[in-house]
Amino acid sequence: MELAGKKIAFDEDLSDAQIKDLHEHYNQLWDTLKKTFEFKDDKRQLQVLYEEADNEHTYESGYFVLQIRHFGDQYRFDEFNITINNRSVFNDNPDELVIQLAKYDGWDALTADAVKHAKAWVDEMNKEANKEKKEPKRELTD
């Protein structure tokens, strides 16, 4: 993976130019995820959220959340988290993808991997929603 024309290595500090490049790519990834997955119907809405750091000029991590809100139940939502970093990040949650920048050749490969994992999660959530139409598991509140 290159940022601002320079190859990066795992756990290395990034230059200001590389961090600026990184956040531009984060916005492009966010646009791709939104265009690919966001929807709204009469029962649910999927939104893709991007938590942009307050200090993005020095902060390298990116946090994306695919969130499905279920209408009629204000406390029910499902989430898939994507964390992008170039440092070691603990992950033991099946609804989370942790991406280490240095493991990818470029942004196309990183984006394709993020989309692949997000699609598998969305497909699973859609399967569950279709099951619930046939067999509701609980009473919904207003």
# chains A, B, ... in the order shown; residues from 1 in each chain; ligands from 1
$ select_by_dssp --residues "chain A" --states "strand (DSSP E)" --output "ChimeraX atom specification"
/A:2-3,6-7,39-40,44-51,62-70,77-85,96-100
$ select_by_dssp --residues "range 32-92 of chain A" --states "alpha helix (DSSP H)" --output "VMD selection string"
chain A and resid 32 to 37
$ write_last_selection --atoms "N, CA and C atoms" --output "PDB file, in the first residue's frame"
ATOM      1  N   THR A  32     -18.379   4.708  -1.445  1.00  0.00           N
ATOM      2  CA  THR A  32     -18.615   3.392  -2.050  1.00  0.00           C
ATOM      3  C   THR A  32     -19.547   2.553  -1.190  1.00  0.00           C
ATOM      4  N   LEU A  33     -19.300   2.521   0.116  1.00  0.00           N
ATOM      5  CA  LEU A  33     -20.148   1.730   1.013  1.00  0.00           C
ATOM      6  C   LEU A  33     -21.578   2.271   1.016  1.00  0.00           C
ATOM      7  N   LYS A  34     -21.736   3.580   1.038  1.00  0.00           N
ATOM      8  CA  LYS A  34     -23.085   4.167   1.021  1.00  0.00           C
ATOM      9  C   LYS A  34     -23.816   3.811  -0.273  1.00  0.00           C
ATOM     10  N   LYS A  35     -23.148   3.998  -1.410  1.00  0.00           N
ATOM     11  CA  LYS A  35     -23.784   3.714  -2.704  1.00  0.00           C
ATOM     12  C   LYS A  35     -24.130   2.235  -2.848  1.00  0.00           C
ATOM     13  N   THR A  36     -23.325   1.374  -2.262  1.00  0.00           N
ATOM     14  CA  THR A  36     -23.521  -0.073  -2.411  1.00  0.00           C
ATOM     15  C   THR A  36     -24.595  -0.611  -1.481  1.00  0.00           C
ATOM     16  N   PHE A  37     -24.682  -0.088  -0.255  1.00  0.00           N
ATOM     17  CA  PHE A  37     -25.499  -0.753   0.760  1.00  0.00           C
ATOM     18  C   PHE A  37     -26.673   0.031   1.335  1.00  0.00           C
TER      19      PHE A  37
END
$ residues_around --residues "Glu51 in chain A" --least-positions-apart "5" --cutoff "10 Å" --atoms "only C-alpha atoms" --output "PDB file with C-alpha atoms, in the first residue's frame"
ATOM      1  CA  SER A  61      -7.678   5.179  12.054  1.00  0.00           C
ATOM      2  CA  GLY A  62     -10.967   5.024  10.200  1.00  0.00           C
ATOM      3  CA  TYR A  63     -14.198   3.701  11.703  1.00  0.00           C
ATOM      4  CA  PHE A  64     -17.169   2.745   9.558  1.00  0.00           C
ATOM      5  CA  VAL A  65     -20.471   1.325  10.770  1.00  0.00           C
TER       6      VAL A  65
END
$ residues_around --residues "Trp121 in chain A" --least-positions-apart "4" --cutoff "10 Å" --atoms "only C-alpha atoms" --output "tab-separated table (two decimals) with C-alpha atoms, in the first residue's frame"
chain	number	residue	atom	x	y	z
A	66	LEU	CA	-23.18	-0.29	8.69
A	79	GLU	CA	-24.35	-3.14	13.27
A	80	PHE	CA	-21.33	-4.24	11.30
A	94	PRO	CA	-17.88	-11.71	14.03
A	95	ASP	CA	-19.71	-8.46	13.20
A	96	GLU	CA	-16.47	-6.54	12.84
A	115	VAL	CA	-17.34	-4.56	0.39
A	116	LYS	CA	-17.08	-8.37	0.33
A	117	HIS	CA	-17.29	-8.65	4.13
A	125	MET	CA	-29.26	-9.65	7.97
A	126	ASN	CA	-31.61	-9.78	4.96
A	127	LYS	CA	-32.02	-13.55	5.43
$ residues_around --residues "Ala17 in chain A" --least-positions-apart "2" --cutoff "10 Å" --atoms "only C-alpha atoms" --output "VMD selection string"
chain A and resid 3 to 6 14 to 15 19 to 22 57
$ write_last_selection --atoms "N, CA and C atoms" --output "PDB file, in the first residue's frame"
ATOM      1  N   LEU A   3       0.801   5.480   0.288  1.00  0.00           N
ATOM      2  CA  LEU A   3       0.083   6.699   0.636  1.00  0.00           C
ATOM      3  C   LEU A   3       0.977   7.872   0.290  1.00  0.00           C
ATOM      4  N   ALA A   4       0.423   8.828  -0.423  1.00  0.00           N
ATOM      5  CA  ALA A   4       1.179  10.014  -0.862  1.00  0.00           C
ATOM      6  C   ALA A   4       2.463   9.605  -1.579  1.00  0.00           C
ATOM      7  N   GLY A   5       2.373   8.533  -2.380  1.00  0.00           N
ATOM      8  CA  GLY A   5       3.499   8.103  -3.195  1.00  0.00           C
ATOM      9  C   GLY A   5       4.590   7.341  -2.472  1.00  0.00           C
ATOM     10  N   LYS A   6       4.369   6.982  -1.193  1.00  0.00           N
ATOM     11  CA  LYS A   6       5.393   6.267  -0.426  1.00  0.00           C
ATOM     12  C   LYS A   6       4.798   4.989   0.158  1.00  0.00           C
ATOM     13  N   LEU A  14       2.929   7.669  10.093  1.00  0.00           N
ATOM     14  CA  LEU A  14       2.675   8.217   8.776  1.00  0.00           C
ATOM     15  C   LEU A  14       2.983   9.707   8.750  1.00  0.00           C
ATOM     16  N   SER A  15       3.408  10.182   7.590  1.00  0.00           N
ATOM     17  CA  SER A  15       3.689  11.609   7.435  1.00  0.00           C
ATOM     18  C   SER A  15       2.368  12.371   7.324  1.00  0.00           C
ATOM     19  N   ILE A  19      -1.214  10.948   5.865  1.00  0.00           N
ATOM     20  CA  ILE A  19      -2.466  10.986   6.627  1.00  0.00           C
ATOM     21  C   ILE A  19      -3.536  11.740   5.845  1.00  0.00           C
ATOM     22  N   LYS A  20      -3.153  12.814   5.179  1.00  0.00           N
ATOM     23  CA  LYS A  20      -4.107  13.555   4.349  1.00  0.00           C
ATOM     24  C   LYS A  20      -4.630  12.652   3.228  1.00  0.00           C
ATOM     25  N   ASP A  21      -3.737  11.934   2.570  1.00  0.00           N
ATOM     26  CA  ASP A  21      -4.111  10.992   1.519  1.00  0.00           C
ATOM     27  C   ASP A  21      -5.027   9.901   2.080  1.00  0.00           C
ATOM     28  N   LEU A  22      -4.692   9.396   3.244  1.00  0.00           N
ATOM     29  CA  LEU A  22      -5.468   8.353   3.906  1.00  0.00           C
ATOM     30  C   LEU A  22      -6.914   8.801   4.120  1.00  0.00           C
ATOM     31  N   HIS A  57      -5.873  15.381  11.061  1.00  0.00           N
ATOM     32  CA  HIS A  57      -4.543  15.695  10.519  1.00  0.00           C
ATOM     33  C   HIS A  57      -3.439  14.899  11.214  1.00  0.00           C
TER      34      HIS A  57
END
$ decode --residues "range 70-84 of chain A" --atoms "all heavy atoms" --output "PDB file, in the first residue's frame"
ATOM      1  N   HIS A  70     -34.434  -0.842  12.893  1.00  0.00           N
ATOM      2  CA  HIS A  70     -35.721  -1.506  12.676  1.00  0.00           C
ATOM      3  C   HIS A  70     -36.818  -0.557  13.132  1.00  0.00           C
ATOM      4  O   HIS A  70     -36.866  -0.169  14.293  1.00  0.00           O
ATOM      5  CB  HIS A  70     -35.774  -2.821  13.464  1.00  0.00           C
ATOM      6  CG  HIS A  70     -34.735  -3.791  13.026  1.00  0.00           C
ATOM      7  ND1 HIS A  70     -34.988  -4.779  12.113  1.00  0.00           N
ATOM      8  CD2 HIS A  70     -33.413  -3.913  13.350  1.00  0.00           C
ATOM      9  CE1 HIS A  70     -33.884  -5.486  11.902  1.00  0.00           C
ATOM     10  NE2 HIS A  70     -32.916  -4.969  12.631  1.00  0.00           N
ATOM     11  N   PHE A  71     -37.711  -0.186  12.204  1.00  0.00           N
ATOM     12  CA  PHE A  71     -38.797   0.730  12.537  1.00  0.00           C
ATOM     13  C   PHE A  71     -39.803   0.024  13.438  1.00  0.00           C
ATOM     14  O   PHE A  71     -40.046  -1.166  13.309  1.00  0.00           O
ATOM     15  CB  PHE A  71     -39.488   1.237  11.270  1.00  0.00           C
ATOM     16  CG  PHE A  71     -38.554   1.964  10.340  1.00  0.00           C
ATOM     17  CD1 PHE A  71     -38.576   1.697   8.986  1.00  0.00           C
ATOM     18  CD2 PHE A  71     -37.652   2.903  10.812  1.00  0.00           C
ATOM     19  CE1 PHE A  71     -37.718   2.364   8.117  1.00  0.00           C
ATOM     20  CE2 PHE A  71     -36.793   3.567   9.962  1.00  0.00           C
ATOM     21  CZ  PHE A  71     -36.828   3.304   8.608  1.00  0.00           C
ATOM     22  N   GLY A  72     -40.390   0.768  14.364  1.00  0.00           N
ATOM     23  CA  GLY A  72     -41.371   0.205  15.282  1.00  0.00           C
ATOM     24  C   GLY A  72     -40.742  -0.341  16.550  1.00  0.00           C
ATOM     25  O   GLY A  72     -41.431  -0.789  17.449  1.00  0.00           O
ATOM     26  N   ASP A  73     -39.423  -0.347  16.622  1.00  0.00           N
ATOM     27  CA  ASP A  73     -38.724  -0.818  17.823  1.00  0.00           C
ATOM     28  C   ASP A  73     -37.508   0.086  18.011  1.00  0.00           C
ATOM     29  O   ASP A  73     -36.458  -0.145  17.430  1.00  0.00           O
ATOM     30  CB  ASP A  73     -38.302  -2.272  17.662  1.00  0.00           C
ATOM     31  CG  ASP A  73     -37.755  -2.883  18.944  1.00  0.00           C
ATOM     32  OD1 ASP A  73     -37.428  -2.121  19.879  1.00  0.00           O
ATOM     33  OD2 ASP A  73     -37.645  -4.118  19.010  1.00  0.00           O
ATOM     34  N   GLN A  74     -37.670   1.120  18.817  1.00  0.00           N
ATOM     35  CA  GLN A  74     -36.628   2.144  18.917  1.00  0.00           C
ATOM     36  C   GLN A  74     -35.312   1.646  19.480  1.00  0.00           C
ATOM     37  O   GLN A  74     -34.290   2.300  19.352  1.00  0.00           O
ATOM     38  CB  GLN A  74     -37.123   3.324  19.747  1.00  0.00           C
ATOM     39  CG  GLN A  74     -37.349   3.000  21.216  1.00  0.00           C
ATOM     40  CD  GLN A  74     -37.932   4.181  21.967  1.00  0.00           C
ATOM     41  OE1 GLN A  74     -38.317   5.167  21.366  1.00  0.00           O
ATOM     42  NE2 GLN A  74     -37.982   4.072  23.275  1.00  0.00           N
ATOM     43  N   TYR A  75     -35.312   0.484  20.093  1.00  0.00           N
ATOM     44  CA  TYR A  75     -34.084  -0.024  20.701  1.00  0.00           C
ATOM     45  C   TYR A  75     -33.410  -1.108  19.868  1.00  0.00           C
ATOM     46  O   TYR A  75     -32.415  -1.674  20.286  1.00  0.00           O
ATOM     47  CB  TYR A  75     -34.381  -0.569  22.104  1.00  0.00           C
ATOM     48  CG  TYR A  75     -34.991   0.469  22.997  1.00  0.00           C
ATOM     49  CD1 TYR A  75     -36.325   0.381  23.381  1.00  0.00           C
ATOM     50  CD2 TYR A  75     -34.248   1.561  23.433  1.00  0.00           C
ATOM     51  CE1 TYR A  75     -36.887   1.346  24.192  1.00  0.00           C
ATOM     52  CE2 TYR A  75     -34.806   2.531  24.238  1.00  0.00           C
ATOM     53  CZ  TYR A  75     -36.130   2.414  24.609  1.00  0.00           C
ATOM     54  OH  TYR A  75     -36.689   3.375  25.398  1.00  0.00           O
ATOM     55  N   ARG A  76     -33.945  -1.418  18.729  1.00  0.00           N
ATOM     56  CA  ARG A  76     -33.394  -2.533  17.961  1.00  0.00           C
ATOM     57  C   ARG A  76     -32.642  -2.035  16.734  1.00  0.00           C
ATOM     58  O   ARG A  76     -33.184  -1.345  15.884  1.00  0.00           O
ATOM     59  CB  ARG A  76     -34.511  -3.463  17.499  1.00  0.00           C
ATOM     60  CG  ARG A  76     -33.957  -4.652  16.779  1.00  0.00           C
ATOM     61  CD  ARG A  76     -34.975  -5.711  16.569  1.00  0.00           C
ATOM     62  NE  ARG A  76     -34.355  -6.767  15.785  1.00  0.00           N
ATOM     63  CZ  ARG A  76     -34.975  -7.452  14.864  1.00  0.00           C
ATOM     64  NH1 ARG A  76     -36.236  -7.240  14.627  1.00  0.00           N
ATOM     65  NH2 ARG A  76     -34.335  -8.375  14.177  1.00  0.00           N
ATOM     66  N   PHE A  77     -31.376  -2.407  16.686  1.00  0.00           N
ATOM     67  CA  PHE A  77     -30.574  -2.140  15.497  1.00  0.00           C
ATOM     68  C   PHE A  77     -29.463  -3.180  15.428  1.00  0.00           C
ATOM     69  O   PHE A  77     -29.095  -3.792  16.412  1.00  0.00           O
ATOM     70  CB  PHE A  77     -30.001  -0.716  15.491  1.00  0.00           C
ATOM     71  CG  PHE A  77     -29.140  -0.384  16.675  1.00  0.00           C
ATOM     72  CD1 PHE A  77     -27.782  -0.603  16.629  1.00  0.00           C
ATOM     73  CD2 PHE A  77     -29.692   0.143  17.832  1.00  0.00           C
ATOM     74  CE1 PHE A  77     -26.968  -0.312  17.708  1.00  0.00           C
ATOM     75  CE2 PHE A  77     -28.889   0.444  18.922  1.00  0.00           C
ATOM     76  CZ  PHE A  77     -27.538   0.220  18.859  1.00  0.00           C
ATOM     77  N   ASP A  78     -28.977  -3.393  14.223  1.00  0.00           N
ATOM     78  CA  ASP A  78     -27.868  -4.314  13.979  1.00  0.00           C
ATOM     79  C   ASP A  78     -26.725  -3.508  13.399  1.00  0.00           C
ATOM     80  O   ASP A  78     -26.951  -2.564  12.643  1.00  0.00           O
ATOM     81  CB  ASP A  78     -28.296  -5.406  12.992  1.00  0.00           C
ATOM     82  CG  ASP A  78     -29.452  -6.232  13.502  1.00  0.00           C
ATOM     83  OD1 ASP A  78     -29.293  -6.867  14.563  1.00  0.00           O
ATOM     84  OD2 ASP A  78     -30.512  -6.246  12.851  1.00  0.00           O
ATOM     85  N   GLU A  79     -25.508  -3.886  13.748  1.00  0.00           N
ATOM     86  CA  GLU A  79     -24.347  -3.138  13.274  1.00  0.00           C
ATOM     87  C   GLU A  79     -23.236  -4.069  12.803  1.00  0.00           C
ATOM     88  O   GLU A  79     -23.005  -5.124  13.390  1.00  0.00           O
ATOM     89  CB  GLU A  79     -23.759  -2.257  14.380  1.00  0.00           C
ATOM     90  CG  GLU A  79     -24.587  -1.079  14.745  1.00  0.00           C
ATOM     91  CD  GLU A  79     -23.890  -0.168  15.749  1.00  0.00           C
ATOM     92  OE1 GLU A  79     -22.908  -0.579  16.393  1.00  0.00           O
ATOM     93  OE2 GLU A  79     -24.355   0.964  15.877  1.00  0.00           O
ATOM     94  N   PHE A  80     -22.561  -3.619  11.764  1.00  0.00           N
ATOM     95  CA  PHE A  80     -21.326  -4.243  11.298  1.00  0.00           C
ATOM     96  C   PHE A  80     -20.268  -3.141  11.296  1.00  0.00           C
ATOM     97  O   PHE A  80     -20.472  -2.091  10.682  1.00  0.00           O
ATOM     98  CB  PHE A  80     -21.495  -4.818   9.890  1.00  0.00           C
ATOM     99  CG  PHE A  80     -20.255  -5.489   9.357  1.00  0.00           C
ATOM    100  CD1 PHE A  80     -19.886  -6.738   9.812  1.00  0.00           C
ATOM    101  CD2 PHE A  80     -19.462  -4.862   8.414  1.00  0.00           C
ATOM    102  CE1 PHE A  80     -18.742  -7.362   9.330  1.00  0.00           C
ATOM    103  CE2 PHE A  80     -18.315  -5.478   7.925  1.00  0.00           C
ATOM    104  CZ  PHE A  80     -17.955  -6.731   8.393  1.00  0.00           C
ATOM    105  N   ASN A  81     -19.175  -3.369  11.988  1.00  0.00           N
ATOM    106  CA  ASN A  81     -18.125  -2.360  12.129  1.00  0.00           C
ATOM    107  C   ASN A  81     -16.916  -2.702  11.273  1.00  0.00           C
ATOM    108  O   ASN A  81     -16.507  -3.864  11.208  1.00  0.00           O
ATOM    109  CB  ASN A  81     -17.673  -2.267  13.596  1.00  0.00           C
ATOM    110  CG  ASN A  81     -18.805  -1.836  14.497  1.00  0.00           C
ATOM    111  OD1 ASN A  81     -19.272  -0.717  14.418  1.00  0.00           O
ATOM    112  ND2 ASN A  81     -19.271  -2.753  15.334  1.00  0.00           N
ATOM    113  N   ILE A  82     -16.366  -1.676  10.657  1.00  0.00           N
ATOM    114  CA  ILE A  82     -15.120  -1.811   9.897  1.00  0.00           C
ATOM    115  C   ILE A  82     -14.125  -0.827  10.501  1.00  0.00           C
ATOM    116  O   ILE A  82     -14.391   0.379  10.536  1.00  0.00           O
ATOM    117  CB  ILE A  82     -15.320  -1.494   8.404  1.00  0.00           C
ATOM    118  CG1 ILE A  82     -16.349  -2.444   7.780  1.00  0.00           C
ATOM    119  CG2 ILE A  82     -13.976  -1.576   7.663  1.00  0.00           C
ATOM    120  CD1 ILE A  82     -16.757  -2.080   6.367  1.00  0.00           C
ATOM    121  N   THR A  83     -13.028  -1.341  11.006  1.00  0.00           N
ATOM    122  CA  THR A  83     -11.968  -0.512  11.569  1.00  0.00           C
ATOM    123  C   THR A  83     -10.755  -0.639  10.660  1.00  0.00           C
ATOM    124  O   THR A  83     -10.316  -1.746  10.352  1.00  0.00           O
ATOM    125  CB  THR A  83     -11.591  -0.972  12.993  1.00  0.00           C
ATOM    126  OG1 THR A  83     -12.757  -0.895  13.818  1.00  0.00           O
ATOM    127  CG2 THR A  83     -10.485  -0.117  13.579  1.00  0.00           C
ATOM    128  N   ILE A  84     -10.235   0.500  10.238  1.00  0.00           N
ATOM    129  CA  ILE A  84      -9.043   0.501   9.386  1.00  0.00           C
ATOM    130  C   ILE A  84      -7.936   1.204  10.147  1.00  0.00           C
ATOM    131  O   ILE A  84      -8.132   2.296  10.691  1.00  0.00           O
ATOM    132  CB  ILE A  84      -9.305   1.223   8.047  1.00  0.00           C
ATOM    133  CG1 ILE A  84     -10.481   0.551   7.327  1.00  0.00           C
ATOM    134  CG2 ILE A  84      -8.057   1.195   7.180  1.00  0.00           C
ATOM    135  CD1 ILE A  84     -10.895   1.257   6.058  1.00  0.00           C
TER     136      ILE A  84
END
